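Heads up: the structure comes next, in structure tokens.
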Amino acid sequence: MTSTNDLERLHSMLVSDGDLRKLDDARLKALSHEQLLELSMQLSRDLKEARDRLNQNPDNSSRPPSAQAPWAGLGLSDGETDTSQVSNPSEDDPAEDTEDTPASHSDANQTRQRRPAGRQRGAPGHGRKLEMVVTGEVAHRALHCARCGAALDESAPFTATTAFYVLDIEVGPAASPGLTVSHTKHLYGQTICRCGHATSTEPGRSVTEAEWRVSLTEHCLVGPMLASLIVCLALRMRLSRARIQEFLSDWLSLELSIGTINRCVHEAGRAAAPVEDQLVKELLDGGHLHADETPWKESGLALWLWVISSAQVSLYLIGYRSAEILENVLGDRYQGWLMSDGYAVYRAYRNRLRCWAHLVRKARGLAESLDGRRTQHFGQQTLDLLEELMQAVYRAREGPPALGLPEQYAKRLTEFKALCESHRDCEHKKTRELAREFLNDWEAIWIVLQYPQLPLTNNEAERALRHWVIARRISYGTRTEQGSRAFALLASVIETCRKRRISPWPYLARVIAERRKGNEAPLIPAIAV
Ligand SMILES: [Zn+2]
């Protein structure tokens with residue numbers, strides 16, 4: 001879980017901002033000795049808490065790496081900001097304000113009125129330039145007569161009834177790299193058999209599905225590989241729709257409207273939807289799983305982006321933060337180990353693992369706290385124990401110890417449990433919370449001592465979310481339910497392919513091409529050896 005409740009922590013401060021504003025020298029001088037003493041004690045408690053908060057970073061708290069300043073860890077000094085990580089709503093093209101592109105305007109500037117999606121009246125159009133050279137023509141003729149079954153060869157007369165153009169790209173092979181743009185005319189129509197029957201062809205399409213408003217058909221301006229490139233630019237390169245438009249125009253002389261670009265992303269999401277079944281099946285079948293979640297926004301709605309990861313699969317879902325999401329995917333079918341943070345939804349799973357990195361960070365936060373000796377002592381004891389046991393787990397992975405770790409450390413753990421018990425009602429909030437967390441999740445935390453080969457951290461899932469957390473900060477989330485669905489599906493395809501060291505883009509192009517024909521989506525190939 002990667003959220004901090006700042007409001008709640010603000011309220012734990014004793015002296016309010018309003019009180020502080022009123023505290024000037026004259027008023028302080030007017031206070032009695034007792035009043036001054038009481039105020040000094042309050043101020044000192046507040047100052048300690050404020051300093052602790054100021055010192056918090058991802059190493060000693062549950063603050064996520066994304067809570068760091070965007071330039072932190074990039075080797076930049078505070079003054080120079082890495083602009084690639086920071087969005088600047090004011091420089092975005094107004095035409096960008098279509099579906100799934102930044103709701104930044106409403107988020108960043110509440111007073112500015114929200115405009116409807118799409119091209120604004122009077123704005124210059126970005127329609128396709130029609131003078132583009134046609135690079136090829138394909139007549140989709142019927143191969144057999146629908147009445148007598150005779151083969152229809154090139155000599156059979158063909159009359160086109162439908163014609164349209166498709167823009168696509170071809171990626172050259174490794175030996176002669178490069179991108180070629182094609183602009184192909186596609187013809188569909190009737191072929192006349194010797195028997196006199198006219199057999200028709202028409203562009204393929206997938207049948208309508210209630211969940212999707214975007215159609216999936218070969219009758220489409222943007223070819224499968226170009227659509228795949230657009231998804232790459234949008235999700236993997238994290239470009240806004242307006243930047244994609246700019247890139248395609250500047251580098252490939254392709255003039256596409258923002259609406260067309262947006263449509264491509266949604267269509268690719270719909271095309272990839274059946275792949276999710278494959279991923280869920282593989283998750284249920286293989287190894288231990290990691291789960292994590294991070295806040296997500298859909299048109300101002302506060303949702304969560306979830307990831308469930310195995311060694312071979314990363315599955316993303318956008319929805320509410322409820323047990324339902326996990327139940328839909330894993331249900332009671334999953335019997336393996338599930339690594340997670342302390343969020344209560346995961347407690348329903350019997351074979352649960354807890355991330356030690358989270359616990360280490362929290363313990364370090366207490367050990368470095370200014371709150372008092374009791375808090376520091378508890379933090380340090382916890383930290384020492386975790387670090388010692390981590391070394392023991394690493395050693396046990398090299399070769400099984402003569403005496404199992406649970407037996408070796410039985411006495412230490414009994415002592416530590418007593419320490420947690422004695423702090424479960426501690427007046428310091430974070431000390432109390434960590435003590436209770438250990439007591440609540442006792443089995444899940446220490447089970448790894450029995451099975452040292454199991455993972456100690458949830459880094460797998462946290463890593464799987466990192467890229468998309470930055471994407472959210474740049475785009476301010478998605479705009480529609482369909483946009484969220486497409487985003488999660490495409491993220492699953494991209495990350496799963498990357499995990500398997502397969503390029504997602506030719507695969508996604510194949511998925512789009514097959515689904516446009518009304519065929520099934522090809523499976524993601526197994527890991528490349
Ligand atoms: Zn015939």
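Chain labels run A, B, ... following the order of the structure tokens; each chain numbers its residues from 1, and ligands are numbered from 1 in the order shown.
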Open item on the list: Would you pick out the contacts of range 285-292 of chain A at 8 Å or less, using only C-alpha atoms, so that residues sharing its chain but fewer than 2 positions from it are not included, and give the list as a count of residues only?
Closed with: 22
Determine, for each residue of chain A having at least one atom at most 10 Å from an atom of ligand 1, the closest pair of atoms and their separation in Å to one decimal, counting only C-alpha atoms and all ligand atoms; order by chain and ascending number, as a Markdown table.
```
| residue | atom | partner | partner_atom_place_in_ligand_line | distance |
| --- | --- | --- | --- | --- |
| A:His144 | CA | ligand 1 | 1 (Zn) | 7.8 |
| A:Cys145 | CA | ligand 1 | 1 (Zn) | 4.5 |
| A:Ala146 | CA | ligand 1 | 1 (Zn) | 6.6 |
| A:Arg147 | CA | ligand 1 | 1 (Zn) | 5.1 |
| A:Cys148 | CA | ligand 1 | 1 (Zn) | 4.0 |
| A:Gly149 | CA | ligand 1 | 1 (Zn) | 5.9 |
| A:Ala150 | CA | ligand 1 | 1 (Zn) | 5.6 |
| A:Ala151 | CA | ligand 1 | 1 (Zn) | 8.3 |
| A:Leu152 | CA | ligand 1 | 1 (Zn) | 8.4 |
| A:Thr191 | CA | ligand 1 | 1 (Zn) | 9.8 |
| A:Ile192 | CA | ligand 1 | 1 (Zn) | 7.7 |
| A:Cys193 | CA | ligand 1 | 1 (Zn) | 4.6 |
| A:Arg194 | CA | ligand 1 | 1 (Zn) | 5.9 |
| A:Cys195 | CA | ligand 1 | 1 (Zn) | 4.3 |
| A:Gly196 | CA | ligand 1 | 1 (Zn) | 6.3 |
| A:His197 | CA | ligand 1 | 1 (Zn) | 5.3 |
| A:Ala198 | CA | ligand 1 | 1 (Zn) | 7.8 |
| A:Thr199 | CA | ligand 1 | 1 (Zn) | 8.3 |
```
- [ ] Considering only C-alpha atoms, state which residue in the set A:Pro173, A:Pro504, A:Asn262, A:His219 is at the smallest distance from Ser240 in chain A.
- [x]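 So, comparing all the options, the nearest one is A:Asn262.
Interatomic distance, CA of Val329 in chain A against CA of Ala471 in chain A: 24.1 Å.
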- [ ] Measure the distance from CA of Phe247 in chain A to CA of Ala271 in chain A in Å and round it to one decimal.
- [x] 24.3 Å
- [ ] Enumerate the residues of range 300-420 of chain A with a DSSP assignment of strand (DSSP E), computed from the backbone, and present them as a ChimeraX atom specification.
- [x] /A:301-309,314-319,338-340,352-354
Task: Residues near Ile318 in chain A, cut-off 7 Å, only C-alpha atoms, skip fewer than 4 positions along chain, as a list in words - done: Leu303, Trp304, Leu305, Trp306, Ser484, Arg485 and Ala488 of chain A
Task: All residues 12 Å or closer to Leu389 in chain A, only C-alpha atoms, same chain fewer than 6 positions away omitted, as a list in words - done: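 That gives Trp356, Val360, Thr382, Leu383, Arg395, Ala396, Leu405, Pro406, Gln408, Tyr409, Ala410, Arg412, Leu413, Ile445, Trp446, Ile447, Val448, Leu449, Gln450, Pro452 and Leu456 of chain A.
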Open item on the list: What's around Arg205 in chain A at 8 Å? Count only C-alpha atoms, leave out sequence neighbours fewer than 5 positions away in its own chain, and write the answer as an NGL selection string.
Closed with: :A and (215-218 or 515-518)
Task: Counting only C-alpha atoms, the residue of A:Gly477, A:Gly300, A:Gly223, A:Pro525 that sits nearest Ile169 in chain A - done: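 That would be A:Gly223, the residue with the smallest distance to Ile169 in chain A.
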- [ ] Within 10 Å of Leu239 in chain A, counting only C-alpha atoms, which residues show up once you throw out same-chain ones fewer than 6 positions away? Write them as a list of chain:residue names, please.
- [x] A:Ser84, A:Thr101, A:Ile230, A:Val231, A:Cys232, A:Leu233, A:Gln245, A:Phe247, A:Ala471, A:Ile474, A:Ser475
Kindly export the residues of the current selection with C-alpha atoms, as an mmCIF file, in the first residue's frame.
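The resulting file, selection.cif, is reproduced below:
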```
data_model
loop_
_atom_site.group_PDB
_atom_site.id
_atom_site.type_symbol
_atom_site.label_atom_id
_atom_site.label_comp_id
_atom_site.auth_asym_id
_atom_site.auth_seq_id
_atom_site.Cartn_x
_atom_site.Cartn_y
_atom_site.Cartn_z
ATOM 1 C CA SER A 84 11.049 14.286 -18.618
ATOM 2 C CA THR A 101 -5.191 12.707 -21.742
ATOM 3 C CA ILE A 230 1.004 4.457 -30.772
ATOM 4 C CA VAL A 231 0.435 2.239 -27.710
ATOM 5 C CA CYS A 232 4.204 2.111 -27.188
ATOM 6 C CA LEU A 233 4.457 5.915 -27.292
ATOM 7 C CA GLN A 245 0.632 13.508 -32.680
ATOM 8 C CA PHE A 247 6.088 12.840 -32.978
ATOM 9 C CA ALA A 471 2.719 7.467 -15.911
ATOM 10 C CA ILE A 474 2.349 12.660 -15.910
ATOM 11 C CA SER A 475 -1.161 11.928 -17.186
#
```
Leaving out range 433-435 of chain A and any residue of its chain fewer than 5 positions from it, which residues lie within 7 Å of it when counting only C-alpha atoms, given as a CSV table (one decimal) with C-alpha atoms, in the first residue's frame?
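Once written, around-v4.csv looks like this:
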```csv
chain,number,residue,atom,x,y,z
A,420,CYS,CA,5.4,-6.4,21.0
A,423,HIS,CA,4.1,-2.0,23.2
A,424,ARG,CA,0.6,-2.8,21.8
```
Task: Atomic separation - CA of Thr201 in chain A relative to CA of Met225 in chain A, Å - done: 23.5 Å
